[in-house]
Amino acid sequence: MEEKWLSWAKQLQAIAQAGLAYSKDKYDRERFEQIRSLSVEIMAHYTEAGEEKIRDLFCGETGYQTPKVDVRAAIFKDDEILLVKESIDGRWSMPGGWADIGLSIKENIAKEAFEEAGLRVVPRQLVGIYDWVKNTEKPNPFAIYKAVMVCDVEGGAFTPNIETEDAGYFALDKLPPLSSGRTTEALIRQCLTVFKNPEIPPIVD
């Protein structure tokens, strides 16, 4: 369950962004800017995202606020899953990141797998589309929909890059420290279940 303070801060941010999108009165716009700044300060205080990052993501947005889309590639070799070591926190996750405009879900997943793991993949099967607030205990300033697909590898090899420091395949009982805001053990288990049983329908929160 999401903390009340985080839920309220997100609501304030959404109200402020909508107000800035539709209000023409300069005094109202000033008040909405103040509300947005307050929401950013609250989220920066209680989360690890950092005020600068939150401002960059929130204050550059216009129009009605919608959830952000995160994509992840579930890549297996036998019963082991491919994980990459995130440069930002030194922990491990499935390759992925924010979806780019102009690319489909499959195209975004293939792009992230290549950029972070150096692999050329073909997304094959949808594991699920998750409301990430309901699937992680880690506070996050953003409302996130996470789309995860099992992928087939066509080639490539890992090379260190600005986002990831290492990559490797891991068994479920030997997982490294996970970057829990990006990937959880429960999500990895679900991905492995779908990999072994392709007939299982995707989960949609």
# chains A, B, ... in the order shown; residues from 1 in each chain; ligands from 1
$ residues_around --residues "A:Ile144" --least-positions-apart "6" --cutoff "7 Å" --atoms "only C-alpha atoms" --output "PyMOL selection string"
chain A and resi 67-70+131-132
$ select_by_dssp --residues "stretch 1-199 of chain A" --states "strand (DSSP E or B)" --output "MDAnalysis selection string"
chainID A and resid 68:77 80:86 92:93 96:98 119:131 144:156 164:170 178
$ atom_distance --atom1 "atom CA of A:Glu80" --atom2 "atom CA of A:Tyr169"
5.4 Å
$ atom_distance --atom1 "atom CA of A:Gln11" --atom2 "atom CA of A:Glu41"
13.7 Å
$ atom_distance --atom1 "atom CA of A:Ser180" --atom2 "atom CA of A:Gly97"
13.5 Å
$ residues_around --residues "stretch 99-115 of chain A" --least-positions-apart "6" --cutoff "7 Å" --atoms "only C-alpha atoms" --output "VMD selection string"
chain A and resid 69 to 73 121 to 123
$ write_last_selection --atoms "N, CA, C and O atoms" --output "PDB file, in the first residue's frame"
ATOM      1  N   VAL A  69       5.583   5.166 -18.353  1.00  0.00           N
ATOM      2  CA  VAL A  69       5.654   3.777 -18.807  1.00  0.00           C
ATOM      3  C   VAL A  69       7.097   3.286 -18.723  1.00  0.00           C
ATOM      4  O   VAL A  69       7.996   3.876 -19.323  1.00  0.00           O
ATOM      5  N   ASP A  70       7.290   2.217 -17.959  1.00  0.00           N
ATOM      6  CA  ASP A  70       8.598   1.578 -17.824  1.00  0.00           C
ATOM      7  C   ASP A  70       8.532   0.225 -18.533  1.00  0.00           C
ATOM      8  O   ASP A  70       7.533  -0.488 -18.407  1.00  0.00           O
ATOM      9  N   VAL A  71       9.554  -0.114 -19.298  1.00  0.00           N
ATOM     10  CA  VAL A  71       9.572  -1.385 -20.020  1.00  0.00           C
ATOM     11  C   VAL A  71      10.751  -2.230 -19.541  1.00  0.00           C
ATOM     12  O   VAL A  71      11.808  -1.696 -19.214  1.00  0.00           O
ATOM     13  N   ARG A  72      10.544  -3.538 -19.499  1.00  0.00           N
ATOM     14  CA  ARG A  72      11.594  -4.456 -19.045  1.00  0.00           C
ATOM     15  C   ARG A  72      11.647  -5.694 -19.930  1.00  0.00           C
ATOM     16  O   ARG A  72      10.619  -6.222 -20.368  1.00  0.00           O
ATOM     17  N   ALA A  73      12.864  -6.161 -20.178  1.00  0.00           N
ATOM     18  CA  ALA A  73      13.096  -7.362 -20.976  1.00  0.00           C
ATOM     19  C   ALA A  73      13.421  -8.530 -20.053  1.00  0.00           C
ATOM     20  O   ALA A  73      14.362  -8.463 -19.258  1.00  0.00           O
ATOM     21  N   VAL A 121      17.452  -8.513 -29.281  1.00  0.00           N
ATOM     22  CA  VAL A 121      16.393  -9.413 -28.841  1.00  0.00           C
ATOM     23  C   VAL A 121      15.111  -9.177 -29.635  1.00  0.00           C
ATOM     24  O   VAL A 121      14.914  -8.107 -30.222  1.00  0.00           O
ATOM     25  N   VAL A 122      14.269 -10.196 -29.612  1.00  0.00           N
ATOM     26  CA  VAL A 122      12.919 -10.102 -30.179  1.00  0.00           C
ATOM     27  C   VAL A 122      11.928 -10.349 -29.041  1.00  0.00           C
ATOM     28  O   VAL A 122      11.859 -11.473 -28.519  1.00  0.00           O
ATOM     29  N   PRO A 123      11.204  -9.327 -28.597  1.00  0.00           N
ATOM     30  CA  PRO A 123      10.176  -9.547 -27.567  1.00  0.00           C
ATOM     31  C   PRO A 123       9.119 -10.516 -28.088  1.00  0.00           C
ATOM     32  O   PRO A 123       8.568 -10.325 -29.169  1.00  0.00           O
TER      33      PRO A 123
END
$ closest_residue --among "A:Ile129, A:Ile15, A:Leu178, A:Ile188" --to "A:Ser93" --atoms "only C-alpha atoms"
A:Leu178
$ select_by_dssp --residues "stretch 4-197 of chain A" --states "helix (DSSP H, G or I)" --output "mmCIF file with N, CA, C and O atoms, in the first residue's frame"
data_model
loop_
_atom_site.group_PDB
_atom_site.id
_atom_site.type_symbol
_atom_site.label_atom_id
_atom_site.label_comp_id
_atom_site.auth_asym_id
_atom_site.auth_seq_id
_atom_site.Cartn_x
_atom_site.Cartn_y
_atom_site.Cartn_z
ATOM 1 N N LYS A 4 0.524 7.466 2.534
ATOM 2 C CA LYS A 4 -0.423 8.563 2.318
ATOM 3 C C LYS A 4 0.274 9.830 1.836
ATOM 4 O O LYS A 4 -0.213 10.534 0.944
ATOM 5 N N TRP A 5 1.431 10.144 2.419
ATOM 6 C CA TRP A 5 2.120 11.386 2.039
ATOM 7 C C TRP A 5 2.494 11.365 0.561
ATOM 8 O O TRP A 5 2.436 12.380 -0.128
ATOM 9 N N LEU A 6 2.881 10.179 0.066
ATOM 10 C CA LEU A 6 3.287 10.074 -1.331
ATOM 11 C C LEU A 6 2.072 10.200 -2.252
ATOM 12 O O LEU A 6 2.121 10.867 -3.289
ATOM 13 N N SER A 7 0.981 9.561 -1.862
ATOM 14 C CA SER A 7 -0.252 9.670 -2.642
ATOM 15 C C SER A 7 -0.727 11.111 -2.712
ATOM 16 O O SER A 7 -1.121 11.606 -3.775
ATOM 17 N N TRP A 8 -0.671 11.827 -1.580
ATOM 18 C CA TRP A 8 -1.106 13.230 -1.562
ATOM 19 C C TRP A 8 -0.193 14.101 -2.420
ATOM 20 O O TRP A 8 -0.660 14.987 -3.139
ATOM 21 N N ALA A 9 1.121 13.851 -2.335
ATOM 22 C CA ALA A 9 2.069 14.645 -3.127
ATOM 23 C C ALA A 9 1.822 14.446 -4.619
ATOM 24 O O ALA A 9 1.876 15.394 -5.408
ATOM 25 N N LYS A 10 1.535 13.197 -5.022
ATOM 26 C CA LYS A 10 1.242 12.925 -6.429
ATOM 27 C C LYS A 10 -0.047 13.618 -6.875
ATOM 28 O O LYS A 10 -0.141 14.137 -7.994
ATOM 29 N N GLN A 11 -1.038 13.604 -5.995
ATOM 30 C CA GLN A 11 -2.294 14.282 -6.328
ATOM 31 C C GLN A 11 -2.081 15.781 -6.484
ATOM 32 O O GLN A 11 -2.646 16.408 -7.392
ATOM 33 N N LEU A 12 -1.284 16.371 -5.590
ATOM 34 C CA LEU A 12 -0.975 17.803 -5.703
ATOM 35 C C LEU A 12 -0.280 18.099 -7.031
ATOM 36 O O LEU A 12 -0.590 19.092 -7.704
ATOM 37 N N GLN A 13 0.670 17.236 -7.400
ATOM 38 C CA GLN A 13 1.393 17.424 -8.654
ATOM 39 C C GLN A 13 0.449 17.352 -9.847
ATOM 40 O O GLN A 13 0.511 18.167 -10.776
ATOM 41 N N ALA A 14 -0.455 16.369 -9.841
ATOM 42 C CA ALA A 14 -1.397 16.210 -10.942
ATOM 43 C C ALA A 14 -2.341 17.404 -11.045
ATOM 44 O O ALA A 14 -2.629 17.892 -12.147
ATOM 45 N N ILE A 15 -2.828 17.887 -9.894
ATOM 46 C CA ILE A 15 -3.709 19.060 -9.884
ATOM 47 C C ILE A 15 -2.976 20.276 -10.435
ATOM 48 O O ILE A 15 -3.512 21.040 -11.247
ATOM 49 N N ALA A 16 -1.728 20.456 -9.999
ATOM 50 C CA ALA A 16 -0.944 21.610 -10.449
ATOM 51 C C ALA A 16 -0.684 21.558 -11.939
ATOM 52 O O ALA A 16 -0.814 22.568 -12.646
ATOM 53 N N GLN A 17 -0.340 20.386 -12.449
ATOM 54 C CA GLN A 17 -0.035 20.271 -13.875
ATOM 55 C C GLN A 17 -1.276 20.524 -14.725
ATOM 56 O O GLN A 17 -1.215 21.204 -15.755
ATOM 57 N N ALA A 18 -2.417 19.976 -14.294
ATOM 58 C CA ALA A 18 -3.656 20.211 -15.028
ATOM 59 C C ALA A 18 -4.038 21.689 -14.975
ATOM 60 O O ALA A 18 -4.477 22.274 -15.973
ATOM 61 N N GLY A 19 -3.862 22.301 -13.807
ATOM 62 C CA GLY A 19 -4.178 23.725 -13.664
ATOM 63 C C GLY A 19 -3.330 24.594 -14.564
ATOM 64 O O GLY A 19 -3.829 25.548 -15.193
ATOM 65 N N LEU A 20 -2.043 24.261 -14.664
ATOM 66 C CA LEU A 20 -1.149 25.021 -15.536
ATOM 67 C C LEU A 20 -1.500 24.810 -17.008
ATOM 68 O O LEU A 20 -1.281 25.695 -17.842
ATOM 69 N N ALA A 21 -2.049 23.644 -17.322
ATOM 70 C CA ALA A 21 -2.407 23.359 -18.707
ATOM 71 C C ALA A 21 -3.651 24.112 -19.155
ATOM 72 O O ALA A 21 -3.745 24.552 -20.302
ATOM 73 N N TYR A 22 -4.595 24.306 -18.234
ATOM 74 C CA TYR A 22 -5.889 24.835 -18.651
ATOM 75 C C TYR A 22 -6.207 26.237 -18.130
ATOM 76 O O TYR A 22 -7.123 26.879 -18.633
ATOM 77 N N LYS A 26 -3.141 34.646 -14.768
ATOM 78 C CA LYS A 26 -1.736 34.595 -14.336
ATOM 79 C C LYS A 26 -1.595 34.339 -12.841
ATOM 80 O O LYS A 26 -0.630 33.710 -12.391
ATOM 81 N N TYR A 27 -2.568 34.826 -12.045
ATOM 82 C CA TYR A 27 -2.491 34.620 -10.601
ATOM 83 C C TYR A 27 -2.784 33.159 -10.249
ATOM 84 O O TYR A 27 -2.146 32.581 -9.355
ATOM 85 N N ASP A 28 -3.752 32.583 -10.953
ATOM 86 C CA ASP A 28 -4.014 31.154 -10.745
ATOM 87 C C ASP A 28 -2.791 30.325 -11.138
ATOM 88 O O ASP A 28 -2.432 29.354 -10.454
ATOM 89 N N ARG A 29 -2.139 30.703 -12.221
ATOM 90 C CA ARG A 29 -0.963 29.962 -12.677
ATOM 91 C C ARG A 29 0.164 30.040 -11.659
ATOM 92 O O ARG A 29 0.879 29.061 -11.424
ATOM 93 N N GLU A 30 0.310 31.198 -11.020
ATOM 94 C CA GLU A 30 1.324 31.336 -9.973
ATOM 95 C C GLU A 30 1.039 30.385 -8.815
ATOM 96 O O GLU A 30 1.951 29.763 -8.259
ATOM 97 N N ARG A 31 -0.246 30.271 -8.457
ATOM 98 C CA ARG A 31 -0.627 29.373 -7.353
ATOM 99 C C ARG A 31 -0.379 27.916 -7.737
ATOM 100 O O ARG A 31 0.093 27.123 -6.909
ATOM 101 N N PHE A 32 -0.678 27.572 -8.979
ATOM 102 C CA PHE A 32 -0.433 26.192 -9.408
ATOM 103 C C PHE A 32 1.067 25.883 -9.448
ATOM 104 O O PHE A 32 1.489 24.761 -9.138
ATOM 105 N N GLU A 33 1.875 26.872 -9.810
ATOM 106 C CA GLU A 33 3.331 26.689 -9.783
ATOM 107 C C GLU A 33 3.799 26.452 -8.349
ATOM 108 O O GLU A 33 4.680 25.620 -8.102
ATOM 109 N N GLN A 34 3.214 27.169 -7.392
ATOM 110 C CA GLN A 34 3.576 26.986 -5.983
ATOM 111 C C GLN A 34 3.186 25.589 -5.498
ATOM 112 O O GLN A 34 3.947 24.940 -4.774
ATOM 113 N N ILE A 35 2.004 25.132 -5.917
ATOM 114 C CA ILE A 35 1.566 23.786 -5.538
ATOM 115 C C ILE A 35 2.510 22.737 -6.120
ATOM 116 O O ILE A 35 2.901 21.779 -5.448
ATOM 117 N N ARG A 36 2.915 22.923 -7.374
ATOM 118 C CA ARG A 36 3.824 21.963 -7.993
ATOM 119 C C ARG A 36 5.171 21.952 -7.284
ATOM 120 O O ARG A 36 5.735 20.886 -7.027
ATOM 121 N N SER A 37 5.688 23.128 -6.953
ATOM 122 C CA SER A 37 6.967 23.196 -6.240
ATOM 123 C C SER A 37 6.881 22.497 -4.890
ATOM 124 O O SER A 37 7.813 21.800 -4.471
ATOM 125 N N LEU A 38 5.760 22.686 -4.205
ATOM 126 C CA LEU A 38 5.570 22.035 -2.907
ATOM 127 C C LEU A 38 5.543 20.517 -3.062
ATOM 128 O O LEU A 38 6.175 19.793 -2.277
ATOM 129 N N SER A 39 4.861 20.033 -4.088
ATOM 130 C CA SER A 39 4.794 18.585 -4.290
ATOM 131 C C SER A 39 6.179 18.013 -4.603
ATOM 132 O O SER A 39 6.528 16.924 -4.153
ATOM 133 N N VAL A 40 6.971 18.747 -5.378
ATOM 134 C CA VAL A 40 8.331 18.299 -5.701
ATOM 135 C C VAL A 40 9.182 18.229 -4.440
ATOM 136 O O VAL A 40 9.933 17.264 -4.228
ATOM 137 N N GLU A 41 9.076 19.227 -3.566
ATOM 138 C CA GLU A 41 9.849 19.239 -2.317
ATOM 139 C C GLU A 41 9.475 18.069 -1.424
ATOM 140 O O GLU A 41 10.342 17.430 -0.811
ATOM 141 N N ILE A 42 8.181 17.779 -1.339
ATOM 142 C CA ILE A 42 7.727 16.655 -0.509
ATOM 143 C C ILE A 42 8.298 15.346 -1.035
ATOM 144 O O ILE A 42 8.851 14.535 -0.291
ATOM 145 N N MET A 43 8.175 15.125 -2.350
ATOM 146 C CA MET A 43 8.648 13.864 -2.930
ATOM 147 C C MET A 43 10.159 13.739 -2.849
ATOM 148 O O MET A 43 10.692 12.656 -2.601
ATOM 149 N N ALA A 44 10.871 14.840 -3.051
ATOM 150 C CA ALA A 44 12.334 14.799 -2.965
ATOM 151 C C ALA A 44 12.790 14.497 -1.540
ATOM 152 O O ALA A 44 13.802 13.823 -1.326
ATOM 153 N N HIS A 45 12.034 14.977 -0.559
ATOM 154 C CA HIS A 45 12.400 14.769 0.843
ATOM 155 C C HIS A 45 12.262 13.302 1.252
ATOM 156 O O HIS A 45 13.074 12.778 2.003
ATOM 157 N N TYR A 46 11.233 12.640 0.736
ATOM 158 C CA TYR A 46 10.918 11.294 1.198
ATOM 159 C C TYR A 46 11.358 10.180 0.262
ATOM 160 O O TYR A 46 11.249 9.005 0.610
ATOM 161 N N GLU A 51 15.657 15.943 -5.921
ATOM 162 C CA GLU A 51 14.802 17.061 -6.331
ATOM 163 C C GLU A 51 15.052 17.470 -7.773
ATOM 164 O O GLU A 51 14.113 17.770 -8.517
ATOM 165 N N GLU A 52 16.310 17.489 -8.218
ATOM 166 C CA GLU A 52 16.617 17.916 -9.589
ATOM 167 C C GLU A 52 15.974 16.988 -10.606
ATOM 168 O O GLU A 52 15.374 17.447 -11.593
ATOM 169 N N LYS A 53 16.064 15.685 -10.369
ATOM 170 C CA LYS A 53 15.466 14.721 -11.299
ATOM 171 C C LYS A 53 13.956 14.857 -11.325
ATOM 172 O O LYS A 53 13.328 14.832 -12.392
ATOM 173 N N ILE A 54 13.349 15.014 -10.148
ATOM 174 C CA ILE A 54 11.895 15.148 -10.083
ATOM 175 C C ILE A 54 11.447 16.402 -10.804
ATOM 176 O O ILE A 54 10.471 16.393 -11.566
ATOM 177 N N ARG A 55 12.160 17.505 -10.600
ATOM 178 C CA ARG A 55 11.796 18.751 -11.295
ATOM 179 C C ARG A 55 11.947 18.599 -12.804
ATOM 180 O O ARG A 55 11.109 19.065 -13.578
ATOM 181 N N ASP A 56 13.018 17.945 -13.235
ATOM 182 C CA ASP A 56 13.227 17.753 -14.681
ATOM 183 C C ASP A 56 12.074 16.972 -15.307
ATOM 184 O O ASP A 56 11.587 17.304 -16.381
ATOM 185 N N LEU A 57 11.632 15.931 -14.591
ATOM 186 C CA LEU A 57 10.594 15.073 -15.154
ATOM 187 C C LEU A 57 9.213 15.697 -15.044
ATOM 188 O O LEU A 57 8.410 15.610 -15.966
ATOM 189 N N PHE A 58 8.931 16.339 -13.902
ATOM 190 C CA PHE A 58 7.607 16.902 -13.689
ATOM 191 C C PHE A 58 7.432 18.268 -14.332
ATOM 192 O O PHE A 58 6.449 18.523 -15.017
ATOM 193 N N CYS A 59 8.388 19.144 -14.105
ATOM 194 C CA CYS A 59 8.198 20.536 -14.510
ATOM 195 C C CYS A 59 8.366 20.727 -16.015
ATOM 196 O O CYS A 59 8.057 21.790 -16.544
ATOM 197 N N ILE A 105 5.826 -0.621 -27.630
ATOM 198 C CA ILE A 105 6.322 -1.331 -26.449
ATOM 199 C C ILE A 105 7.430 -2.309 -26.836
ATOM 200 O O ILE A 105 8.503 -2.350 -26.227
ATOM 201 N N LYS A 106 7.198 -3.108 -27.883
ATOM 202 C CA LYS A 106 8.211 -4.072 -28.320
ATOM 203 C C LYS A 106 9.495 -3.378 -28.758
ATOM 204 O O LYS A 106 10.607 -3.824 -28.432
ATOM 205 N N GLU A 107 9.371 -2.293 -29.502
ATOM 206 C CA GLU A 107 10.552 -1.565 -29.975
ATOM 207 C C GLU A 107 11.316 -0.965 -28.807
ATOM 208 O O GLU A 107 12.562 -0.968 -28.796
ATOM 209 N N ASN A 108 10.605 -0.451 -27.820
ATOM 210 C CA ASN A 108 11.272 0.108 -26.645
ATOM 211 C C ASN A 108 12.018 -0.969 -25.864
ATOM 212 O O ASN A 108 13.153 -0.751 -25.417
ATOM 213 N N ILE A 109 11.397 -2.130 -25.697
ATOM 214 C CA ILE A 109 12.054 -3.216 -24.966
ATOM 215 C C ILE A 109 13.309 -3.683 -25.696
ATOM 216 O O ILE A 109 14.368 -3.885 -25.079
ATOM 217 N N ALA A 110 13.212 -3.835 -27.011
ATOM 218 C CA ALA A 110 14.387 -4.247 -27.795
ATOM 219 C C ALA A 110 15.496 -3.205 -27.702
ATOM 220 O O ALA A 110 16.682 -3.549 -27.591
ATOM 221 N N LYS A 111 15.128 -1.937 -27.743
ATOM 222 C CA LYS A 111 16.108 -0.850 -27.655
ATOM 223 C C LYS A 111 16.823 -0.868 -26.304
ATOM 224 O O LYS A 111 18.054 -0.757 -26.229
ATOM 225 N N GLU A 112 16.061 -1.018 -25.236
ATOM 226 C CA GLU A 112 16.657 -1.014 -23.897
ATOM 227 C C GLU A 112 17.559 -2.229 -23.688
ATOM 228 O O GLU A 112 18.620 -2.119 -23.070
ATOM 229 N N ALA A 113 17.145 -3.380 -24.196
ATOM 230 C CA ALA A 113 17.968 -4.586 -24.053
ATOM 231 C C ALA A 113 19.306 -4.413 -24.760
ATOM 232 O O ALA A 113 20.353 -4.847 -24.266
ATOM 233 N N PHE A 114 19.280 -3.763 -25.914
ATOM 234 C CA PHE A 114 20.525 -3.548 -26.646
ATOM 235 C C PHE A 114 21.396 -2.510 -25.945
ATOM 236 O O PHE A 114 22.612 -2.695 -25.808
ATOM 237 N N GLU A 115 20.792 -1.408 -25.489
ATOM 238 C CA GLU A 115 21.570 -0.338 -24.852
ATOM 239 C C GLU A 115 22.164 -0.780 -23.522
ATOM 240 O O GLU A 115 23.305 -0.423 -23.200
ATOM 241 N N GLU A 116 21.414 -1.546 -22.727
ATOM 242 C CA GLU A 116 21.865 -1.882 -21.379
ATOM 243 C C GLU A 116 22.589 -3.225 -21.294
ATOM 244 O O GLU A 116 23.438 -3.406 -20.424
ATOM 245 N N ALA A 117 22.221 -4.177 -22.173
ATOM 246 C CA ALA A 117 22.825 -5.507 -22.101
ATOM 247 C C ALA A 117 23.625 -5.870 -23.342
ATOM 248 O O ALA A 117 24.287 -6.911 -23.370
ATOM 249 N N TRP A 132 2.881 -0.296 -10.867
ATOM 250 C CA TRP A 132 4.059 -0.621 -10.064
ATOM 251 C C TRP A 132 3.914 -0.222 -8.605
ATOM 252 O O TRP A 132 4.555 -0.811 -7.731
ATOM 253 N N VAL A 133 3.065 0.756 -8.302
ATOM 254 C CA VAL A 133 2.823 1.130 -6.910
ATOM 255 C C VAL A 133 2.318 -0.071 -6.115
ATOM 256 O O VAL A 133 2.636 -0.233 -4.934
ATOM 257 N N LYS A 134 1.547 -0.939 -6.767
ATOM 258 C CA LYS A 134 0.969 -2.097 -6.093
ATOM 259 C C LYS A 134 1.943 -3.266 -6.000
ATOM 260 O O LYS A 134 1.630 -4.271 -5.355
ATOM 261 N N LEU A 172 17.342 -18.327 -9.641
ATOM 262 C CA LEU A 172 16.457 -17.692 -8.658
ATOM 263 C C LEU A 172 17.004 -17.770 -7.233
ATOM 264 O O LEU A 172 16.789 -16.853 -6.442
ATOM 265 N N ASP A 173 17.703 -18.851 -6.917
ATOM 266 C CA ASP A 173 18.224 -18.992 -5.556
ATOM 267 C C ASP A 173 19.587 -18.328 -5.374
ATOM 268 O O ASP A 173 20.181 -18.431 -4.297
ATOM 269 N N LYS A 174 20.071 -17.664 -6.435
ATOM 270 C CA LYS A 174 21.364 -16.977 -6.334
ATOM 271 C C LYS A 174 21.291 -15.570 -6.918
ATOM 272 O O LYS A 174 22.237 -15.098 -7.559
ATOM 273 N N GLU A 185 12.102 -9.696 -6.821
ATOM 274 C CA GLU A 185 12.190 -11.160 -6.942
ATOM 275 C C GLU A 185 10.853 -11.736 -7.392
ATOM 276 O O GLU A 185 10.814 -12.683 -8.193
ATOM 277 N N ALA A 186 9.750 -11.181 -6.906
ATOM 278 C CA ALA A 186 8.430 -11.668 -7.302
ATOM 279 C C ALA A 186 8.213 -11.500 -8.803
ATOM 280 O O ALA A 186 7.650 -12.392 -9.465
ATOM 281 N N LEU A 187 8.667 -10.384 -9.362
ATOM 282 C CA LEU A 187 8.527 -10.171 -10.799
ATOM 283 C C LEU A 187 9.376 -11.166 -11.580
ATOM 284 O O LEU A 187 8.941 -11.723 -12.597
ATOM 285 N N ILE A 188 10.596 -11.417 -11.124
ATOM 286 C CA ILE A 188 11.467 -12.386 -11.788
ATOM 287 C C ILE A 188 10.831 -13.774 -11.771
ATOM 288 O O ILE A 188 10.840 -14.496 -12.770
ATOM 289 N N ARG A 189 10.246 -14.156 -10.642
ATOM 290 C CA ARG A 189 9.587 -15.461 -10.541
ATOM 291 C C ARG A 189 8.424 -15.567 -11.533
ATOM 292 O O ARG A 189 8.228 -16.618 -12.165
ATOM 293 N N GLN A 190 7.654 -14.499 -11.652
ATOM 294 C CA GLN A 190 6.542 -14.519 -12.592
ATOM 295 C C GLN A 190 7.044 -14.639 -14.024
ATOM 296 O O GLN A 190 6.476 -15.363 -14.840
ATOM 297 N N CYS A 191 8.121 -13.936 -14.336
ATOM 298 C CA CYS A 191 8.705 -14.010 -15.679
ATOM 299 C C CYS A 191 9.172 -15.432 -15.993
ATOM 300 O O CYS A 191 8.958 -15.940 -17.108
ATOM 301 N N LEU A 192 9.810 -16.085 -15.035
ATOM 302 C CA LEU A 192 10.282 -17.454 -15.248
ATOM 303 C C LEU A 192 9.104 -18.411 -15.449
ATOM 304 O O LEU A 192 9.159 -19.309 -16.290
ATOM 305 N N THR A 193 8.043 -18.190 -14.692
ATOM 306 C CA THR A 193 6.850 -19.021 -14.839
ATOM 307 C C THR A 193 6.279 -18.910 -16.247
ATOM 308 O O THR A 193 5.923 -19.915 -16.881
ATOM 309 N N VAL A 194 6.212 -17.693 -16.765
ATOM 310 C CA VAL A 194 5.689 -17.482 -18.120
ATOM 311 C C VAL A 194 6.651 -18.052 -19.159
ATOM 312 O O VAL A 194 6.214 -18.631 -20.166
ATOM 313 N N PHE A 195 7.939 -17.904 -18.925
ATOM 314 C CA PHE A 195 8.942 -18.452 -19.844
ATOM 315 C C PHE A 195 8.773 -19.969 -19.986
ATOM 316 O O PHE A 195 8.876 -20.523 -21.086
ATOM 317 N N LYS A 196 8.502 -20.646 -18.868
ATOM 318 C CA LYS A 196 8.351 -22.099 -18.883
ATOM 319 C C LYS A 196 6.960 -22.535 -19.345
ATOM 320 O O LYS A 196 6.786 -23.661 -19.810
#
$ closest_residue --among "A:Leu175, A:Ala157, A:Ala74, A:Val150" --to "A:Pro198" --atoms "only C-alpha atoms"
A:Val150
$ residues_around --residues "A:Arg91" --least-positions-apart "4" --cutoff "7 Å" --atoms "only C-alpha atoms" --output "list in words"
Lys85, Glu86, Pro177, Leu178 and Ser179 of chain A
$ write_last_selection --atoms "C-alpha atoms" --output "PDB file, in the first residue's frame"
ATOM      1  CA  LYS A  85      24.121  -3.946 -12.791  1.00  0.00           C
ATOM      2  CA  GLU A  86      22.744  -0.407 -12.628  1.00  0.00           C
ATOM      3  CA  PRO A 177      21.122  -7.486  -4.630  1.00  0.00           C
ATOM      4  CA  LEU A 178      18.206  -6.167  -6.677  1.00  0.00           C
ATOM      5  CA  SER A 179      17.403  -2.584  -7.586  1.00  0.00           C
TER       6      SER A 179
END
